[in-house]
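Enquirer: Okay, handing you the structure first.
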Amino acid sequence: MKVLVVGSGGREHALCWAIAKSPMLKKLYCAPGNGGISSVAECTDIDAEDIPGIVGFATSEKIDLVVVGPEAPLVAGMADRLDEAGIKVFGPSAEAAMIEGSKGLMKDLCAKYNIPTADYARFDECDAAKEYIRVHGAPIVVKADGLAAGKGVILCRNENEAYAAIDHIMIESAFGDAGTEVVIEEFMTGEEASFFALVDGEHALPLVAAQDHKAAYDGDEGPNTGGMGAYSPAPVIDKAMSKQIMETIIEPTIRGMADDGIPFKGVLFAGLMITEQGPRLIEYNCRFGDPECQPLMMRLKSDFLEVLLAAVNGKLDKVELEWHRNAALTVVMAAEGYPGSYEKGSEIKGLGDAEANGAVVFHAGTTLDGERILASGGRVLGVTAMAPGVTKAQKKAYEAVAKIDWPEGFNRTDIGWRAVKR
Ligand code: AMP
Ligand code: GLY
């Protein structure tokens with residue numbers, strides 16, 4: 001089979017790495033890919049959001065399966081256009097991707113199908129939004145409705161912060177059109193976890209859970225990022241909890257979407273708050289998490305390409321997944337300054353040494369310059385290791401991090417602390 005993965009992050013490197021192991025694979029492409037992906041796939045310089053470019057390439061190269069990594073092309077209709085061109089695609093239609101593309105629509109779906117989540121209200125008018133805040137008080141959460149690269153959520157400790165958040169999103173248009181509408185939510189407390197299920201429109205197959213670290217610095221301090229590290233399994237989600245999540249959150253969502261005529265196909269990523277009242281949904285994403293995808297792919301024993309095909313062909317009910325019992329943990333190395341502004345172009349050395357003991361360095365923002373690997377993004381590497389238990393996986397990952405010679409980068413030193421403390 002010829003497979004094309006769309007995207008250029010650590011997630012896409014992990015997807016390519018897993019697909020490349022399949023005996024069914026004949027040729028793997030990635031668009032646009034990065035400096036590390038080029039070691040497992042042929043990278044082709046087409047932007048991940050260039051829908052005509054991707055459809056054209058998939059058609060001319062006779063690609064058997066396209067796997068779309070990021071949300072933006074999905075929300076823009078990449079899966080629909082590939083489908084119309086007769087090309088198999090793993091990823092939801094634009095309409096189904098609205099589960100991530102509009103927080104308001106996602107909340108309405110939860111309300112309609114009784115899915116446990118934070119109480120909420122939607123507003124397209126500033127004064128009414130502020131009045132709601134005045135009535136409900138703080139802490140409270142203000143969210144831009146649309147895609148805002150993970151930055152559109154503002155946790156407000158007091159009412160003044162919440163009024164300021166409304167102004168920031170609706171008046172100052174900090175997130176452009178994504179903030180024409182806001183969702184205001186009850187503030188939930190508990191432990192967060194990332195839960196993933198593959199979905200073929202009708203059947204949902206749970207994957208293992210993971211935990212992310214959104215804050216930039218140790219101790220969960222500093223600004224929010226796309227994620228500074230992750231591990232799997234998530235001790236907070238045991239077998240019984242996983243079953244409860246499937247029954248109360250994932251399955252009603254899949255059934256509801258199918259009933260509404262917008263079946264979901266692809267990977268459904270539930271950001272969860274494990275509260276004293278049980279698991280509650282924070283948000284849905286229509287794609288794999290990054291960095292969560294990296295420890296997930298390392299733990300997967302089954303042939304990932306075969307599983308993706310079952311998802312695309314509506315046969316997930318026939319699949320039983322096999323996982324390594326070991327834990328896997330990813331430490332993200334980012335460019336100094338991230339998530340703010342940072343320099344590009346510094347050289348990264350020691351990658352071979354870092355992988356000498358079985359760790360895998362997934363690349364995100366890197367480019368290949370002859371033999372040299374240069375940093376070209378905010379999140380740059382995902383150093384991933386597997387071992388019996390999170391504590392050992394953590395040690396192994398940080399030993400690999402220590403071998404990487406990149407003075408312009410930084411990483412958290414406490415990835416996995418929650419699981420280790422247990
Ligand atoms: P999101 O982009 O929706 O994942 O939100 C980013 C982060 O904000 C989440 O990972 C949570 O830590 C936090 N968050 C979002 N919604 C809520 C909520 N209703 N209550 C508490 N924390 C929340
Ligand atoms: N790591 C969280 C996300 O991918 O949205």
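Convention: chains lettered A, B, ... in structure tokens order; per-chain residue numbering from 1; ligands numbered from 1 as shown.
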Could you list, as a list in words, all protein and nucleic acid residues with an atom at most 6 Å from ligand 1, counting only C-alpha atoms and all ligand atoms?
Expert: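 Residues satisfying the distance criterion: Ala118, Val141, Gly150, Val153, Glu185, Glu186, Phe187, Met188, Thr189, Ile282 and Glu283 of chain A.
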Enquirer: Please produce a file of the residues just selected, as a JSON list (two decimals), in the first residue's frame, where the atoms kept are N, CA and C atoms.
Expert:
```json
[["chain", "number", "residue", "atom", "x", "y", "z"],
["A", 118, "ALA", "N", -19.01, 20.45, 31.55],
["A", 118, "ALA", "CA", -19.27, 21.66, 32.35],
["A", 118, "ALA", "C", -20.54, 22.36, 31.85],
["A", 141, "VAL", "N", -14.84, 29.94, 33.14],
["A", 141, "VAL", "CA", -13.96, 29.73, 31.99],
["A", 141, "VAL", "C", -14.58, 30.39, 30.76],
["A", 150, "GLY", "N", -5.12, 26.35, 20.23],
["A", 150, "GLY", "CA", -4.97, 25.95, 21.63],
["A", 150, "GLY", "C", -4.89, 27.11, 22.61],
["A", 153, "VAL", "N", -8.67, 29.50, 25.27],
["A", 153, "VAL", "CA", -9.35, 29.19, 26.53],
["A", 153, "VAL", "C", -8.75, 30.05, 27.64],
["A", 185, "GLU", "N", -18.15, 28.80, 30.58],
["A", 185, "GLU", "CA", -18.34, 27.50, 31.22],
["A", 185, "GLU", "C", -18.08, 27.53, 32.70],
["A", 186, "GLU", "N", -18.74, 26.62, 33.36],
["A", 186, "GLU", "CA", -18.44, 26.29, 34.75],
["A", 186, "GLU", "C", -16.98, 25.84, 34.84],
["A", 187, "PHE", "N", -16.30, 26.21, 35.90],
["A", 187, "PHE", "CA", -14.93, 25.80, 36.15],
["A", 187, "PHE", "C", -14.95, 24.43, 36.85],
["A", 188, "MET", "N", -14.33, 23.42, 36.21],
["A", 188, "MET", "CA", -14.32, 22.08, 36.81],
["A", 188, "MET", "C", -12.98, 21.83, 37.49],
["A", 189, "THR", "N", -13.00, 21.05, 38.56],
["A", 189, "THR", "CA", -11.74, 20.68, 39.20],
["A", 189, "THR", "C", -11.58, 19.16, 39.19],
["A", 282, "ILE", "N", -14.00, 17.90, 28.89],
["A", 282, "ILE", "CA", -13.57, 19.30, 28.77],
["A", 282, "ILE", "C", -13.77, 19.73, 27.33],
["A", 283, "GLU", "N", -13.24, 18.94, 26.43],
["A", 283, "GLU", "CA", -13.36, 19.29, 25.01],
["A", 283, "GLU", "C", -13.11, 18.07, 24.16]]
```
Enquirer: Give the residues close to ligand 2, within 9 Å, counting only C-alpha atoms and all ligand atoms; write them as a count of residues only.
Expert: 25
Enquirer: Can you pull out every residue from range 42-272 of chain A that DSSP, working from the backbone, puts in helix (DSSP H, G or I), and format the result as a ChimeraX atom specification?
Expert: /A:51-60,71-75,78-84,94-101,103-112,126-136,159-171,176-179,218-220,239-259
Enquirer: Select, from A:Ala197, A:Ser93, A:Ala359, A:Gly10, the residue with the minimum atom-to-atom distance to Val332 in chain A, counting only C-alpha atoms.
Expert: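 Closest to Val332 in chain A of all the choices is A:Gly10.
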Enquirer: Which parts of range 145-198 of chain A does DSSP call strand (DSSP E or B) when run on the backbone here, written out as a list in words?
Expert: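 For range 145-198 of chain A, the strand (DSSP E or B) set is Val153, Ile154, Leu155, Cys156, Val182, Val183, Ile184, Glu185, Glu186, Glu191, Glu192, Ala193, Ser194, Phe195, Phe196, Ala197 and Leu198 of chain A.
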Enquirer: Please identify all polymer residues within 10 Å of Glu191 in chain A, counting only C-alpha atoms, omitting same-chain residues fewer than 6 positions from it, and present them as a ChimeraX atom specification.
Expert: /A:211,236,272-276,279,418
Enquirer: For the residues in that selection, give me N, CA and C atoms as an mmCIF file, in the first residue's frame.
Expert:
```cif
data_model
loop_
_atom_site.group_PDB
_atom_site.id
_atom_site.type_symbol
_atom_site.label_atom_id
_atom_site.label_comp_id
_atom_site.auth_asym_id
_atom_site.auth_seq_id
_atom_site.Cartn_x
_atom_site.Cartn_y
_atom_site.Cartn_z
ATOM 1 N N GLN A 211 -1.564 11.203 29.589
ATOM 2 C CA GLN A 211 -1.651 12.505 30.258
ATOM 3 C C GLN A 211 -0.613 13.440 29.667
ATOM 4 N N VAL A 236 -4.799 7.454 36.362
ATOM 5 C CA VAL A 236 -6.127 7.912 36.796
ATOM 6 C C VAL A 236 -7.244 7.209 35.999
ATOM 7 N N LEU A 272 -10.427 15.122 29.143
ATOM 8 C CA LEU A 272 -11.340 14.824 30.245
ATOM 9 C C LEU A 272 -10.875 15.439 31.552
ATOM 10 N N MET A 273 -11.843 15.757 32.395
ATOM 11 C CA MET A 273 -11.544 16.110 33.779
ATOM 12 C C MET A 273 -12.114 14.970 34.614
ATOM 13 N N ILE A 274 -11.247 14.275 35.351
ATOM 14 C CA ILE A 274 -11.733 13.213 36.224
ATOM 15 C C ILE A 274 -12.113 13.872 37.548
ATOM 16 N N THR A 275 -13.395 14.107 37.725
ATOM 17 C CA THR A 275 -13.873 14.854 38.888
ATOM 18 C C THR A 275 -14.401 13.886 39.943
ATOM 19 N N GLU A 276 -14.783 14.432 41.089
ATOM 20 C CA GLU A 276 -15.348 13.576 42.137
ATOM 21 C C GLU A 276 -16.667 12.953 41.693
ATOM 22 N N PRO A 279 -15.960 11.016 35.334
ATOM 23 C CA PRO A 279 -15.315 11.677 34.201
ATOM 24 C C PRO A 279 -16.251 12.678 33.529
ATOM 25 N N ARG A 418 3.047 13.318 38.136
ATOM 26 C CA ARG A 418 1.797 12.888 38.767
ATOM 27 C C ARG A 418 1.745 11.359 38.925
#
```
Enquirer: With a distance cut-off of 8 Å and only C-alpha atoms, select the neighbouring residues of range 76-84 of chain A, excluding the residue or stretch itself and same-chain residues fewer than 4 positions from it, and output the selection as an MDAnalysis selection string.
Expert: chainID A and resid 51 55 68 72 88:94
Enquirer: Do you know which residues are at most 9 Å from Leu300 in chain A counting only C-alpha atoms, after dropping those on the same chain fewer than 2 positions away, and could you put them as a compact mmCIF listing (two decimals) with C-alpha atoms, in the first residue's frame?
Expert:
```txt
# COMPACT_ATOMS: atom_id res chain seq x y z
CA ALA A 18 4.18 3.31 13.42
CA VAL A 208 -5.04 3.64 25.78
CA PRO A 295 3.84 7.49 23.75
CA LEU A 296 0.67 5.93 22.28
CA MET A 297 2.38 4.84 19.08
CA MET A 298 5.33 3.50 21.05
CA SER A 302 -0.73 -4.15 16.62
CA ASP A 303 -0.13 -3.31 12.99
CA PHE A 304 -1.25 0.33 12.97
CA LEU A 321 -5.71 -4.06 19.75
CA GLU A 322 -2.53 -5.27 21.38
CA TRP A 323 -0.47 -2.96 23.56
CA HIS A 324 2.84 -3.16 25.36
```
Enquirer: Taking 6 positions as the minimum chain separation for residues in the same chain, which residues sit within 12 Å of Lys318 in chain A when counting only C-alpha atoms? Answer as a tab-separated table (two decimals) with N, CA and C atoms, in the first residue's frame.
Expert:
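As written to disk, selection_18.tsv reads:
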```
chain	number	residue	atom	x	y	z
A	200	ASP	N	-15.24	4.50	13.29
A	200	ASP	CA	-15.45	4.26	11.86
A	200	ASP	C	-16.82	4.75	11.39
A	203	HIS	N	-18.75	2.28	14.92
A	203	HIS	CA	-18.13	1.63	16.06
A	203	HIS	C	-16.99	2.48	16.61
A	204	ALA	N	-16.83	2.42	17.95
A	204	ALA	CA	-15.72	3.12	18.58
A	204	ALA	C	-14.82	2.11	19.27
A	205	LEU	N	-13.54	2.21	19.02
A	205	LEU	CA	-12.56	1.31	19.61
A	205	LEU	C	-11.63	2.14	20.50
A	306	GLU	N	-2.98	-1.64	9.52
A	306	GLU	CA	-4.13	-2.54	9.43
A	306	GLU	C	-5.32	-1.96	10.22
A	307	VAL	N	-5.02	-1.39	11.37
A	307	VAL	CA	-6.07	-0.81	12.22
A	307	VAL	C	-6.69	0.42	11.54
A	309	LEU	N	-6.89	0.96	8.38
A	309	LEU	CA	-7.72	0.48	7.28
A	309	LEU	C	-9.07	-0.02	7.79
A	310	ALA	N	-9.05	-0.71	8.92
A	310	ALA	CA	-10.31	-1.19	9.49
A	310	ALA	C	-11.20	0.01	9.83
A	311	ALA	N	-10.60	1.09	10.32
A	311	ALA	CA	-11.38	2.29	10.66
A	311	ALA	C	-11.99	2.89	9.40
```
Enquirer: A:Glu371, A:Glu320, A:Asp64, A:Glu408: which is nearest Ala334 in chain A, counting only C-alpha atoms?
Expert: A:Glu408
Enquirer: Quick one: residues within 12 Å of Glu247 in chain A, only C-alpha atoms counted, chain neighbours fewer than 5 positions away excluded, as a ChimeraX atom specification?
Expert: /A:114-116,204-206,240-242,252-255,279
Enquirer: Smallest atom-to-atom distance to Lys21 in chain A: which of A:Val66, A:Leu305, A:Val199, A:Ala402, using only C-alpha atoms?
Expert: A:Leu305
Enquirer: Choose the residue, out of A:Asp127, A:Glu100, A:Gln294, A:Gly340, that has the smallest atom-to-atom separation from Ala270 in chain A; count only C-alpha atoms.
Expert: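 Closest to Ala270 in chain A, using only C-alpha atoms: A:Glu100.
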Enquirer: Find the distance between CA of Ala129 in chain A and CA of Glu172 in chain A and write it in Å to one decimal.
Expert: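 Taking CA of Ala129 in chain A as the start and CA of Glu172 in chain A as the end point, the length is 15.1 Å.
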Enquirer: Just the number, please: distance in Å from CA of Glu95 in chain A to CA of Asp108 in chain A, one decimal.
Expert: 14.4 Å
Enquirer: Using only C-alpha atoms, pick whichever of A:Trp406, A:Gly389, A:Lys62, A:Phe362 has the shortest atom-to-atom distance to Gly345 in chain A.
Expert: A:Trp406
